[in-house]
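Undergrad: Take a look at structure.csv, CSV, C-alpha atoms:
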chain,number,residue,atom,x,y,z
A,1,MET,CA,188.4,107.8,-25.4
A,2,THR,CA,191.7,108.1,-23.5
A,3,TYR,CA,192.3,109.0,-19.9
A,4,GLN,CA,195.3,110.7,-18.3
A,5,VAL,CA,196.6,110.3,-14.7
A,6,VAL,CA,199.5,112.0,-13.0
A,7,LEU,CA,201.5,110.0,-10.5
A,8,LEU,CA,204.0,111.9,-8.3
A,9,ARG,CA,206.4,110.5,-5.7
A,10,HIS,CA,206.6,113.1,-2.9
A,11,GLY,CA,209.6,115.5,-2.8
A,12,GLU,CA,212.7,114.6,-0.9
A,13,SER,CA,211.9,113.9,2.7
A,14,VAL,CA,214.2,114.6,5.7
A,15,TRP,CA,215.0,110.9,5.9
A,16,ASN,CA,215.6,110.7,2.1
A,17,LYS,CA,218.2,113.4,2.7
A,18,GLU,CA,219.7,111.4,5.5
A,19,ASN,CA,219.5,108.2,3.5
A,20,ARG,CA,217.3,106.5,6.0
A,21,PHE,CA,214.5,103.9,5.5
A,22,ALA,CA,211.2,105.7,6.3
A,23,GLY,CA,208.3,103.4,5.3
A,24,TRP,CA,205.2,104.3,7.5
A,25,VAL,CA,207.2,106.7,9.8
A,26,ASP,CA,205.6,110.1,9.2
A,27,ILE,CA,208.6,112.1,8.0
A,28,ASP,CA,208.1,115.5,6.5
A,29,LEU,CA,209.7,117.1,3.4
A,30,SER,CA,213.1,118.5,3.5
A,31,ASP,CA,213.7,122.1,2.2
A,32,MET,CA,214.9,120.5,-1.0
A,33,GLY,CA,211.8,118.3,-1.1
A,34,LYS,CA,209.6,121.4,-0.9
A,35,LEU,CA,211.6,122.9,-3.8
A,36,GLU,CA,211.2,119.7,-5.8
A,37,ALA,CA,207.4,119.7,-5.3
A,38,LEU,CA,207.3,123.4,-6.4
A,39,SER,CA,209.3,122.6,-9.5
A,40,ALA,CA,206.9,119.8,-10.3
A,41,ALA,CA,204.0,122.1,-9.8
A,42,LYS,CA,205.5,124.7,-12.2
A,43,GLN,CA,206.0,122.0,-14.8
A,44,LEU,CA,202.4,120.9,-14.5
A,45,LYS,CA,201.3,124.5,-14.7
A,46,GLU,CA,203.4,125.2,-17.8
A,47,SER,CA,201.9,122.1,-19.4
A,48,ASN,CA,198.3,123.3,-18.5
A,49,PHE,CA,197.5,120.5,-16.1
A,50,GLU,CA,194.5,120.9,-13.9
A,51,PHE,CA,192.9,118.4,-11.5
A,52,ASP,CA,189.5,117.6,-10.2
A,53,ILE,CA,190.6,115.4,-7.3
A,54,VAL,CA,193.8,114.4,-5.6
A,55,PHE,CA,194.6,111.0,-3.9
A,56,THR,CA,197.3,110.8,-1.3
A,57,SER,CA,198.6,108.5,1.4
A,58,VAL,CA,198.1,109.4,5.1
A,59,LEU,CA,201.7,110.4,5.4
A,60,LYS,CA,202.6,114.1,5.6
A,61,ARG,CA,205.4,114.0,3.0
A,62,ALA,CA,202.8,113.0,0.3
A,63,ILE,CA,200.1,115.2,1.7
A,64,ARG,CA,202.4,118.3,1.8
A,65,THR,CA,203.6,117.6,-1.7
A,66,SER,CA,200.0,117.7,-2.9
A,67,TRP,CA,199.4,120.9,-1.1
A,68,ILE,CA,202.4,122.6,-2.8
A,69,ILE,CA,201.2,121.3,-6.2
A,70,LEU,CA,197.7,122.5,-5.8
A,71,ASP,CA,198.7,125.8,-4.2
A,72,GLU,CA,200.8,126.6,-7.3
A,73,LEU,CA,197.9,125.6,-9.6
A,74,ASP,CA,195.5,127.7,-7.5
A,75,GLN,CA,193.5,124.5,-6.9
A,76,LEU,CA,193.7,124.0,-3.1
A,77,TRP,CA,189.9,123.9,-3.1
A,78,ILE,CA,189.6,120.6,-4.9
A,79,PRO,CA,188.6,117.4,-3.0
A,80,SER,CA,191.4,115.3,-1.5
A,81,ILE,CA,191.1,111.6,-0.5
A,82,LYS,CA,193.7,110.3,1.9
A,83,SER,CA,194.2,106.6,2.3
A,84,TRP,CA,196.6,104.3,4.0
A,85,GLN,CA,196.4,102.0,1.0
A,86,LEU,CA,198.7,104.5,-0.8
A,87,ASN,CA,201.3,104.5,1.9
A,88,GLU,CA,204.9,103.6,1.3
A,89,ARG,CA,205.6,100.0,1.9
A,90,HIS,CA,206.3,99.2,5.6
A,91,TYR,CA,210.0,98.7,6.1
A,92,GLY,CA,209.6,96.9,9.4
A,93,ALA,CA,212.6,97.0,11.7
A,94,LEU,CA,214.7,98.8,9.0
A,95,ALA,CA,212.7,102.1,9.5
A,96,GLY,CA,215.1,104.8,10.7
A,97,LEU,CA,218.2,103.0,9.8
A,98,ASN,CA,220.8,104.5,7.4
A,99,LYS,CA,220.9,102.5,4.1
A,100,ILE,CA,224.7,102.6,3.7
A,101,GLU,CA,225.3,101.5,7.3
A,102,THR,CA,222.7,98.8,6.9
A,103,ALA,CA,224.4,97.5,3.8
A,104,GLU,CA,227.8,97.5,5.6
A,105,LEU,CA,226.2,95.4,8.3
A,106,HIS,CA,224.2,93.0,6.2
A,107,GLY,CA,225.7,93.3,2.8
A,108,GLU,CA,224.6,95.2,-0.3
A,109,GLU,CA,223.0,92.2,-1.8
A,110,GLN,CA,220.8,91.6,1.2
A,111,VAL,CA,219.8,95.2,1.4
A,112,PHE,CA,219.0,95.3,-2.3
A,113,THR,CA,216.7,92.3,-1.8
A,114,TRP,CA,214.9,94.0,1.1
A,115,ARG,CA,214.6,97.3,-0.9
A,116,ARG,CA,213.7,96.1,-4.4
A,117,SER,CA,212.7,92.4,-4.6
A,118,PHE,CA,209.1,91.6,-5.2
A,119,ASP,CA,208.2,89.2,-2.4
A,120,THR,CA,210.9,89.5,0.4
A,121,ARG,CA,209.8,91.3,3.5
A,122,PRO,CA,212.4,93.2,5.6
A,123,PRO,CA,212.8,92.1,9.3
A,124,PRO,CA,209.5,92.9,11.0
A,125,LEU,CA,208.9,95.5,13.7
A,126,GLU,CA,208.0,93.9,17.0
A,127,LYS,CA,204.3,94.0,17.7
A,128,ASN,CA,204.8,95.7,21.1
A,129,ASP,CA,207.2,98.3,19.7
A,130,PRO,CA,205.7,101.8,20.6
A,131,SER,CA,206.3,102.9,17.0
A,132,HIS,CA,204.2,100.1,15.6
A,133,PRO,CA,201.4,101.6,13.4
A,134,ARG,CA,198.8,99.5,15.2
A,135,PHE,CA,199.0,102.0,18.1
A,136,GLU,CA,198.2,105.0,15.8
A,137,LYS,CA,194.7,106.4,15.5
A,138,ARG,CA,195.1,107.0,11.8
A,139,TYR,CA,195.2,103.3,11.2
A,140,SER,CA,192.2,102.4,13.3
A,141,SER,CA,190.1,102.0,10.1
A,142,ILE,CA,192.2,99.0,9.0
A,143,GLY,CA,190.3,96.8,11.5
A,144,LEU,CA,191.9,94.2,13.7
A,145,SER,CA,195.5,95.1,14.8
A,146,ALA,CA,196.6,91.8,13.3
A,147,ALA,CA,195.9,93.3,9.9
A,148,VAL,CA,198.2,96.3,10.5
A,149,PRO,CA,201.5,95.3,8.9
A,150,SER,CA,204.8,94.9,10.8
A,151,SER,CA,206.7,94.6,7.5
A,152,GLU,CA,205.8,94.5,3.9
A,153,SER,CA,207.2,93.3,0.6
A,154,LEU,CA,206.3,95.0,-2.7
A,155,LYS,CA,203.9,92.1,-3.2
A,156,ASP,CA,202.2,93.0,0.1
A,157,THR,CA,202.1,96.6,-1.0
A,158,MET,CA,200.4,95.7,-4.3
A,159,ALA,CA,197.8,93.7,-2.4
A,160,ARG,CA,196.5,97.0,-0.9
A,161,VAL,CA,197.4,99.5,-3.7
A,162,ILE,CA,195.8,97.7,-6.7
A,163,PRO,CA,192.4,97.0,-5.2
A,164,PHE,CA,192.3,100.7,-4.1
A,165,TRP,CA,193.2,101.7,-7.7
A,166,ASN,CA,190.5,99.5,-9.1
A,167,ASP,CA,187.7,100.2,-6.6
A,168,GLU,CA,188.3,103.8,-5.6
A,169,ILE,CA,190.3,105.6,-8.2
A,170,ILE,CA,189.2,104.1,-11.6
A,171,PRO,CA,185.5,105.1,-11.1
A,172,TYR,CA,186.6,108.8,-10.8
A,173,ILE,CA,188.7,108.5,-13.9
A,174,LYS,CA,185.9,106.9,-15.9
A,175,ASN,CA,183.6,109.7,-14.7
A,176,GLY,CA,185.9,112.1,-16.5
A,177,GLU,CA,187.7,113.4,-13.3
A,178,ARG,CA,191.3,114.5,-13.8
A,179,ILE,CA,193.4,112.7,-11.2
A,180,LEU,CA,196.6,113.5,-9.3
A,181,ILE,CA,198.1,110.7,-7.1
A,182,SER,CA,200.7,111.9,-4.6
A,183,ALA,CA,202.3,108.9,-3.1
A,184,HIS,CA,205.6,107.1,-2.5
A,185,GLY,CA,208.3,105.2,-4.3
A,186,ASN,CA,206.9,101.7,-3.6
A,187,SER,CA,203.2,102.5,-3.9
A,188,ILE,CA,203.9,104.0,-7.3
A,189,ARG,CA,206.2,101.0,-8.2
A,190,ALA,CA,203.2,98.8,-7.4
A,191,LEU,CA,201.0,100.8,-9.8
A,192,VAL,CA,203.7,100.9,-12.5
A,193,LYS,CA,204.1,97.1,-12.2
A,194,HIS,CA,200.4,96.7,-12.6
A,195,PHE,CA,200.0,99.2,-15.5
A,196,ASP,CA,202.9,97.9,-17.6
A,197,GLY,CA,202.7,94.2,-16.7
A,198,ILE,CA,206.3,94.2,-15.4
A,199,SER,CA,207.5,90.8,-14.2
A,200,ASP,CA,208.3,90.0,-10.6
A,201,SER,CA,212.0,89.9,-11.4
A,202,ALA,CA,212.2,93.0,-13.6
A,203,ILE,CA,210.4,95.3,-11.1
A,204,SER,CA,213.6,95.2,-8.9
A,205,GLU,CA,215.3,97.5,-11.5
A,206,ILE,CA,212.5,100.1,-11.5
A,207,ASN,CA,213.1,103.1,-9.3
A,208,ILE,CA,210.9,106.2,-8.9
A,209,PRO,CA,212.5,109.6,-8.5
A,210,THR,CA,211.2,112.1,-6.0
A,211,GLY,CA,209.3,115.2,-7.2
A,212,MET,CA,209.0,114.3,-10.9
A,213,PRO,CA,205.5,114.0,-12.4
A,214,LEU,CA,204.9,110.7,-14.2
A,215,ILE,CA,202.1,110.8,-16.7
A,216,TYR,CA,200.2,107.7,-17.7
A,217,GLU,CA,197.7,107.6,-20.6
A,218,PHE,CA,195.0,104.8,-20.7
A,219,ASP,CA,192.4,103.6,-23.2
A,220,GLU,CA,188.7,103.2,-22.3
A,221,ASN,CA,189.5,99.8,-20.8
A,222,MET,CA,192.1,101.3,-18.5
A,223,ILE,CA,195.0,99.6,-20.4
A,224,ALA,CA,198.1,101.8,-20.3
A,225,LEU,CA,199.0,103.2,-23.7
A,226,ASN,CA,201.9,105.4,-22.9
A,227,HIS,CA,203.8,107.0,-20.1
A,228,TYR,CA,206.4,109.7,-19.7
A,229,TYR,CA,208.1,111.9,-17.1
A,230,LEU,CA,207.2,115.6,-17.5
A,231,GLY,CA,210.7,116.6,-16.7
A,232,GLY,CA,212.2,114.5,-19.5
A,233,GLU,CA,213.3,110.9,-19.7
A,234,GLU,CA,217.0,111.8,-19.3
A,235,ALA,CA,216.5,113.7,-16.1
A,236,ALA,CA,214.2,111.0,-14.8
A,237,ALA,CA,216.7,108.3,-15.6
A,238,ALA,CA,219.5,110.2,-13.8
A,239,ALA,CA,217.3,110.7,-10.7
A,240,ALA,CA,216.2,107.1,-10.7
A,241,ALA,CA,219.8,106.0,-10.9
A,242,ALA,CA,220.5,108.1,-7.8
A,243,VAL,CA,217.7,106.3,-6.0
A,244,ALA,CA,219.1,102.9,-7.0
A,245,ALA,CA,222.5,103.8,-5.6
A,246,GLN,CA,221.3,104.9,-2.1
A,247,ALA,CA,222.5,101.7,-0.5
A,248,ILE,CA,225.8,101.4,-2.4
A,249,LYS,CA,228.9,102.6,-0.5
A,250,LYS,CA,230.8,105.4,-2.3
A,251,SER,CA,234.4,104.4,-3.1
Please rewrite the model in this file as structure tokens.
TA:
Amino acid sequence: MTYQVVLLRHGESVWNKENRFAGWVDIDLSDMGKLEALSAAKQLKESNFEFDIVFTSVLKRAIRTSWIILDELDQLWIPSIKSWQLNERHYGALAGLNKIETAELHGEEQVFTWRRSFDTRPPPLEKNDPSHPRFEKRYSSIGLSAAVPSSESLKDTMARVIPFWNDEIIPYIKNGERILISAHGNSIRALVKHFDGISDSAISEINIPTGMPLIYEFDENMIALNHYYLGGEEAAAAAAAAVAAQAIKKS
């Protein structure tokens, strides 16, 4: 028995286009992002993918991407589960800042560490900052405000994503449900690290392109057997390289 799961980083957001850190800020898709999501949907349709349930974060760029996918597949009716555990990592005080300008101020090496290291958190958002997620109703289910992050590393992100995968998603998969996960660069990196047993150091080189379906196949024990991008590995590698270069000043 093998299982198949589709992971999809949302299409380009407005702040992706402006090369800004977004994190938990609820930024929508750009026009290009909507086209990326539609392209992904057409690829899934041409490959005869159908879904029984979709999991998304509680951020509109992931939610809207899932809508575009399901609309093209004529499956808007299927159940959708939205969870903050699938959110992008919280970028703390970096949220809203331009990546190139931040690299010019702090150095490319420091920004690379903030963006891609496993266990380094960016500078935290002040607890009394009006934009802190502890003031948002959508996060009231987390519990005490102290549990709402002010900044996260990838390690922190994994600490919420992987239990959600194990406890909430896997039971649906083992029940034979066909799963789409519409999420974010770092929540998907957390899953990929877990699936493929990638080391803490090697994960810094893994980048997830926007709007490209990533297919994982698992055995009956939920051990990853294979994975591939539906748009082709060459296109995925080029898109991932562009993500990696976002904080590198063009000469």
Undergrad: Smallest atom-to-atom distance to Pro149 in chain A: which of A:Pro124, A:Pro130, A:Gly185, A:Gly33, using all atoms listed in the file?
TA: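 Of all the options, A:Pro124 lies closest to Pro149 in chain A.
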Undergrad: Considering only C-alpha atoms, state which residue in the set A:Ile100, A:Lys174, A:Val192, A:Glu233 is at the smallest distance from Asn221 in chain A.
TA: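 Once distances to Asn221 in chain A are computed over only C-alpha atoms, the minimum belongs to A:Lys174.
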Undergrad: What lies within 10 Å of Ala236 in chain A using all atoms listed in the file, ignoring chain neighbours under 3 positions off, as an MDAnalysis selection string?
TA: chainID A and resid 207:214 228:233 239:242
Undergrad: Do you have, as JSON lines, the list of residues of range 43-128 of chain A lying at most 8 Å from range 3-21 of chain A, each with its nearest atom pair and that distance in Å to one decimal, counting all atoms listed in the file and ordered by chain then number?
TA:
{"residue": "A:Arg61", "atom": "CA", "partner": "A:His10", "partner_atom": "CA", "distance": 6.1}
{"residue": "A:Ala62", "atom": "CA", "partner": "A:His10", "partner_atom": "CA", "distance": 5.0}
{"residue": "A:Thr65", "atom": "CA", "partner": "A:His10", "partner_atom": "CA", "distance": 5.5}
{"residue": "A:Tyr91", "atom": "CA", "partner": "A:Phe21", "partner_atom": "CA", "distance": 6.9}
{"residue": "A:Leu94", "atom": "CA", "partner": "A:Phe21", "partner_atom": "CA", "distance": 6.2}
{"residue": "A:Ala95", "atom": "CA", "partner": "A:Phe21", "partner_atom": "CA", "distance": 4.7}
{"residue": "A:Gly96", "atom": "CA", "partner": "A:Phe21", "partner_atom": "CA", "distance": 5.3}
{"residue": "A:Leu97", "atom": "CA", "partner": "A:Arg20", "partner_atom": "CA", "distance": 5.2}
{"residue": "A:Asn98", "atom": "CA", "partner": "A:Arg20", "partner_atom": "CA", "distance": 4.3}
{"residue": "A:Lys99", "atom": "CA", "partner": "A:Arg20", "partner_atom": "CA", "distance": 5.7}
{"residue": "A:Ile100", "atom": "CA", "partner": "A:Asn19", "partner_atom": "CA", "distance": 7.6}
Undergrad: Quick one: residues within 6 Å of range 84-90 of chain A, all atoms listed in the file, excluding same-chain residues fewer than 5 positions away - as a VMD selection string?
TA: chain A and resid 23 to 24 57 to 58 151 to 152 157 160 to 161 184 186 to 187
Undergrad: Where atoms are absent from range 165-176 of chain A, fill them in so it carries all heavy atoms, then output it as a PDB file, keeping the file's coordinate frame.
TA:
ATOM      1  N   TRP A 165     193.197 101.179  -6.319  1.00  0.00           N
ATOM      2  CA  TRP A 165     193.200 101.700  -7.700  1.00  0.00           C
ATOM      3  C   TRP A 165     191.904 101.284  -8.412  1.00  0.00           C
ATOM      4  O   TRP A 165     191.182 102.114  -8.978  1.00  0.00           O
ATOM      5  CB  TRP A 165     194.424 101.309  -8.433  1.00  0.00           C
ATOM      6  CG  TRP A 165     194.364 101.468  -9.926  1.00  0.00           C
ATOM      7  CD1 TRP A 165     194.101 100.497 -10.848  1.00  0.00           C
ATOM      8  CD2 TRP A 165     194.569 102.681 -10.673  1.00  0.00           C
ATOM      9  NE1 TRP A 165     194.127 101.020 -12.116  1.00  0.00           N
ATOM     10  CE2 TRP A 165     194.410 102.352 -12.039  1.00  0.00           C
ATOM     11  CE3 TRP A 165     194.869 103.992 -10.328  1.00  0.00           C
ATOM     12  CZ2 TRP A 165     194.550 103.299 -13.064  1.00  0.00           C
ATOM     13  CZ3 TRP A 165     194.999 104.948 -11.346  1.00  0.00           C
ATOM     14  CH2 TRP A 165     194.841 104.599 -12.672  1.00  0.00           C
ATOM     15  N   ASN A 166     191.639 100.003  -8.389  1.00  0.00           N
ATOM     16  CA  ASN A 166     190.500  99.500  -9.100  1.00  0.00           C
ATOM     17  C   ASN A 166     189.159  99.937  -8.583  1.00  0.00           C
ATOM     18  O   ASN A 166     188.253 100.309  -9.350  1.00  0.00           O
ATOM     19  CB  ASN A 166     190.537  97.928  -9.113  1.00  0.00           C
ATOM     20  CG  ASN A 166     191.658  97.355  -9.966  1.00  0.00           C
ATOM     21  OD1 ASN A 166     192.065  97.950 -10.961  1.00  0.00           O
ATOM     22  ND2 ASN A 166     192.159  96.194  -9.573  1.00  0.00           N
ATOM     23  N   ASP A 167     189.035  99.917  -7.254  1.00  0.00           N
ATOM     24  CA  ASP A 167     187.700 100.200  -6.600  1.00  0.00           C
ATOM     25  C   ASP A 167     187.450 101.627  -6.335  1.00  0.00           C
ATOM     26  O   ASP A 167     186.291 102.053  -6.372  1.00  0.00           O
ATOM     27  CB  ASP A 167     187.615  99.363  -5.329  1.00  0.00           C
ATOM     28  CG  ASP A 167     187.724  97.863  -5.542  1.00  0.00           C
ATOM     29  OD1 ASP A 167     187.490  97.405  -6.688  1.00  0.00           O
ATOM     30  OD2 ASP A 167     188.068  97.154  -4.574  1.00  0.00           O
ATOM     31  N   GLU A 168     188.500 102.386  -6.033  1.00  0.00           N
ATOM     32  CA  GLU A 168     188.300 103.800  -5.600  1.00  0.00           C
ATOM     33  C   GLU A 168     188.720 104.830  -6.591  1.00  0.00           C
ATOM     34  O   GLU A 168     188.080 105.881  -6.687  1.00  0.00           O
ATOM     35  CB  GLU A 168     189.055 103.994  -4.257  1.00  0.00           C
ATOM     36  CG  GLU A 168     188.684 103.030  -3.149  1.00  0.00           C
ATOM     37  CD  GLU A 168     187.231 103.135  -2.723  1.00  0.00           C
ATOM     38  OE1 GLU A 168     186.645 104.237  -2.861  1.00  0.00           O
ATOM     39  OE2 GLU A 168     186.675 102.128  -2.255  1.00  0.00           O
ATOM     40  N   ILE A 169     189.779 104.584  -7.338  1.00  0.00           N
ATOM     41  CA  ILE A 169     190.300 105.600  -8.200  1.00  0.00           C
ATOM     42  C   ILE A 169     189.711 105.508  -9.647  1.00  0.00           C
ATOM     43  O   ILE A 169     189.274 106.509 -10.229  1.00  0.00           O
ATOM     44  CB  ILE A 169     191.837 105.576  -8.297  1.00  0.00           C
ATOM     45  CG1 ILE A 169     192.428 105.800  -6.884  1.00  0.00           C
ATOM     46  CG2 ILE A 169     192.369 106.641  -9.259  1.00  0.00           C
ATOM     47  CD1 ILE A 169     193.945 105.769  -6.821  1.00  0.00           C
ATOM     48  N   ILE A 170     189.686 104.316 -10.201  1.00  0.00           N
ATOM     49  CA  ILE A 170     189.200 104.100 -11.600  1.00  0.00           C
ATOM     50  C   ILE A 170     187.780 104.713 -11.772  1.00  0.00           C
ATOM     51  O   ILE A 170     187.513 105.354 -12.806  1.00  0.00           O
ATOM     52  CB  ILE A 170     189.267 102.665 -12.010  1.00  0.00           C
ATOM     53  CG1 ILE A 170     190.720 102.300 -12.336  1.00  0.00           C
ATOM     54  CG2 ILE A 170     188.381 102.409 -13.224  1.00  0.00           C
ATOM     55  CD1 ILE A 170     190.918 100.871 -12.809  1.00  0.00           C
ATOM     56  N   PRO A 171     186.834 104.518 -10.834  1.00  0.00           N
ATOM     57  CA  PRO A 171     185.500 105.100 -11.100  1.00  0.00           C
ATOM     58  C   PRO A 171     185.546 106.630 -11.275  1.00  0.00           C
ATOM     59  O   PRO A 171     184.776 107.157 -12.101  1.00  0.00           O
ATOM     60  CB  PRO A 171     184.740 104.751  -9.788  1.00  0.00           C
ATOM     61  CG  PRO A 171     185.373 103.466  -9.342  1.00  0.00           C
ATOM     62  CD  PRO A 171     186.833 103.641  -9.642  1.00  0.00           C
ATOM     63  N   TYR A 172     186.419 107.327 -10.560  1.00  0.00           N
ATOM     64  CA  TYR A 172     186.600 108.800 -10.800  1.00  0.00           C
ATOM     65  C   TYR A 172     187.116 109.058 -12.172  1.00  0.00           C
ATOM     66  O   TYR A 172     186.675 109.992 -12.858  1.00  0.00           O
ATOM     67  CB  TYR A 172     187.478 109.386  -9.724  1.00  0.00           C
ATOM     68  CG  TYR A 172     186.836 109.568  -8.371  1.00  0.00           C
ATOM     69  CD1 TYR A 172     186.993 108.613  -7.374  1.00  0.00           C
ATOM     70  CD2 TYR A 172     186.086 110.705  -8.076  1.00  0.00           C
ATOM     71  CE1 TYR A 172     186.415 108.775  -6.117  1.00  0.00           C
ATOM     72  CE2 TYR A 172     185.503 110.883  -6.831  1.00  0.00           C
ATOM     73  CZ  TYR A 172     185.672 109.917  -5.853  1.00  0.00           C
ATOM     74  OH  TYR A 172     185.091 110.087  -4.625  1.00  0.00           O
ATOM     75  N   ILE A 173     188.114 108.273 -12.586  1.00  0.00           N
ATOM     76  CA  ILE A 173     188.700 108.500 -13.900  1.00  0.00           C
ATOM     77  C   ILE A 173     187.670 108.282 -15.001  1.00  0.00           C
ATOM     78  O   ILE A 173     187.541 109.107 -15.921  1.00  0.00           O
ATOM     79  CB  ILE A 173     189.888 107.490 -14.115  1.00  0.00           C
ATOM     80  CG1 ILE A 173     191.004 107.764 -13.098  1.00  0.00           C
ATOM     81  CG2 ILE A 173     190.440 107.605 -15.540  1.00  0.00           C
ATOM     82  CD1 ILE A 173     192.101 106.719 -13.099  1.00  0.00           C
ATOM     83  N   LYS A 174     186.891 107.203 -14.888  1.00  0.00           N
ATOM     84  CA  LYS A 174     185.900 106.900 -15.900  1.00  0.00           C
ATOM     85  C   LYS A 174     184.733 107.905 -15.890  1.00  0.00           C
ATOM     86  O   LYS A 174     183.975 108.016 -16.863  1.00  0.00           O
ATOM     87  CB  LYS A 174     185.379 105.480 -15.747  1.00  0.00           C
ATOM     88  CG  LYS A 174     186.421 104.445 -16.135  1.00  0.00           C
ATOM     89  CD  LYS A 174     185.826 103.071 -16.289  1.00  0.00           C
ATOM     90  CE  LYS A 174     186.817 102.107 -16.922  1.00  0.00           C
ATOM     91  NZ  LYS A 174     186.225 100.771 -17.147  1.00  0.00           N
ATOM     92  N   ASN A 175     184.625 108.631 -14.798  1.00  0.00           N
ATOM     93  CA  ASN A 175     183.600 109.700 -14.700  1.00  0.00           C
ATOM     94  C   ASN A 175     184.141 111.004 -15.299  1.00  0.00           C
ATOM     95  O   ASN A 175     183.457 112.024 -15.247  1.00  0.00           O
ATOM     96  CB  ASN A 175     183.199 109.894 -13.257  1.00  0.00           C
ATOM     97  CG  ASN A 175     181.925 110.707 -13.115  1.00  0.00           C
ATOM     98  OD1 ASN A 175     180.975 110.521 -13.867  1.00  0.00           O
ATOM     99  ND2 ASN A 175     181.917 111.620 -12.155  1.00  0.00           N
ATOM    100  N   GLY A 176     185.368 110.950 -15.831  1.00  0.00           N
ATOM    101  CA  GLY A 176     185.900 112.100 -16.500  1.00  0.00           C
ATOM    102  C   GLY A 176     186.735 113.033 -15.538  1.00  0.00           C
ATOM    103  O   GLY A 176     187.174 114.123 -15.941  1.00  0.00           O
TER     104      GLY A 176
END
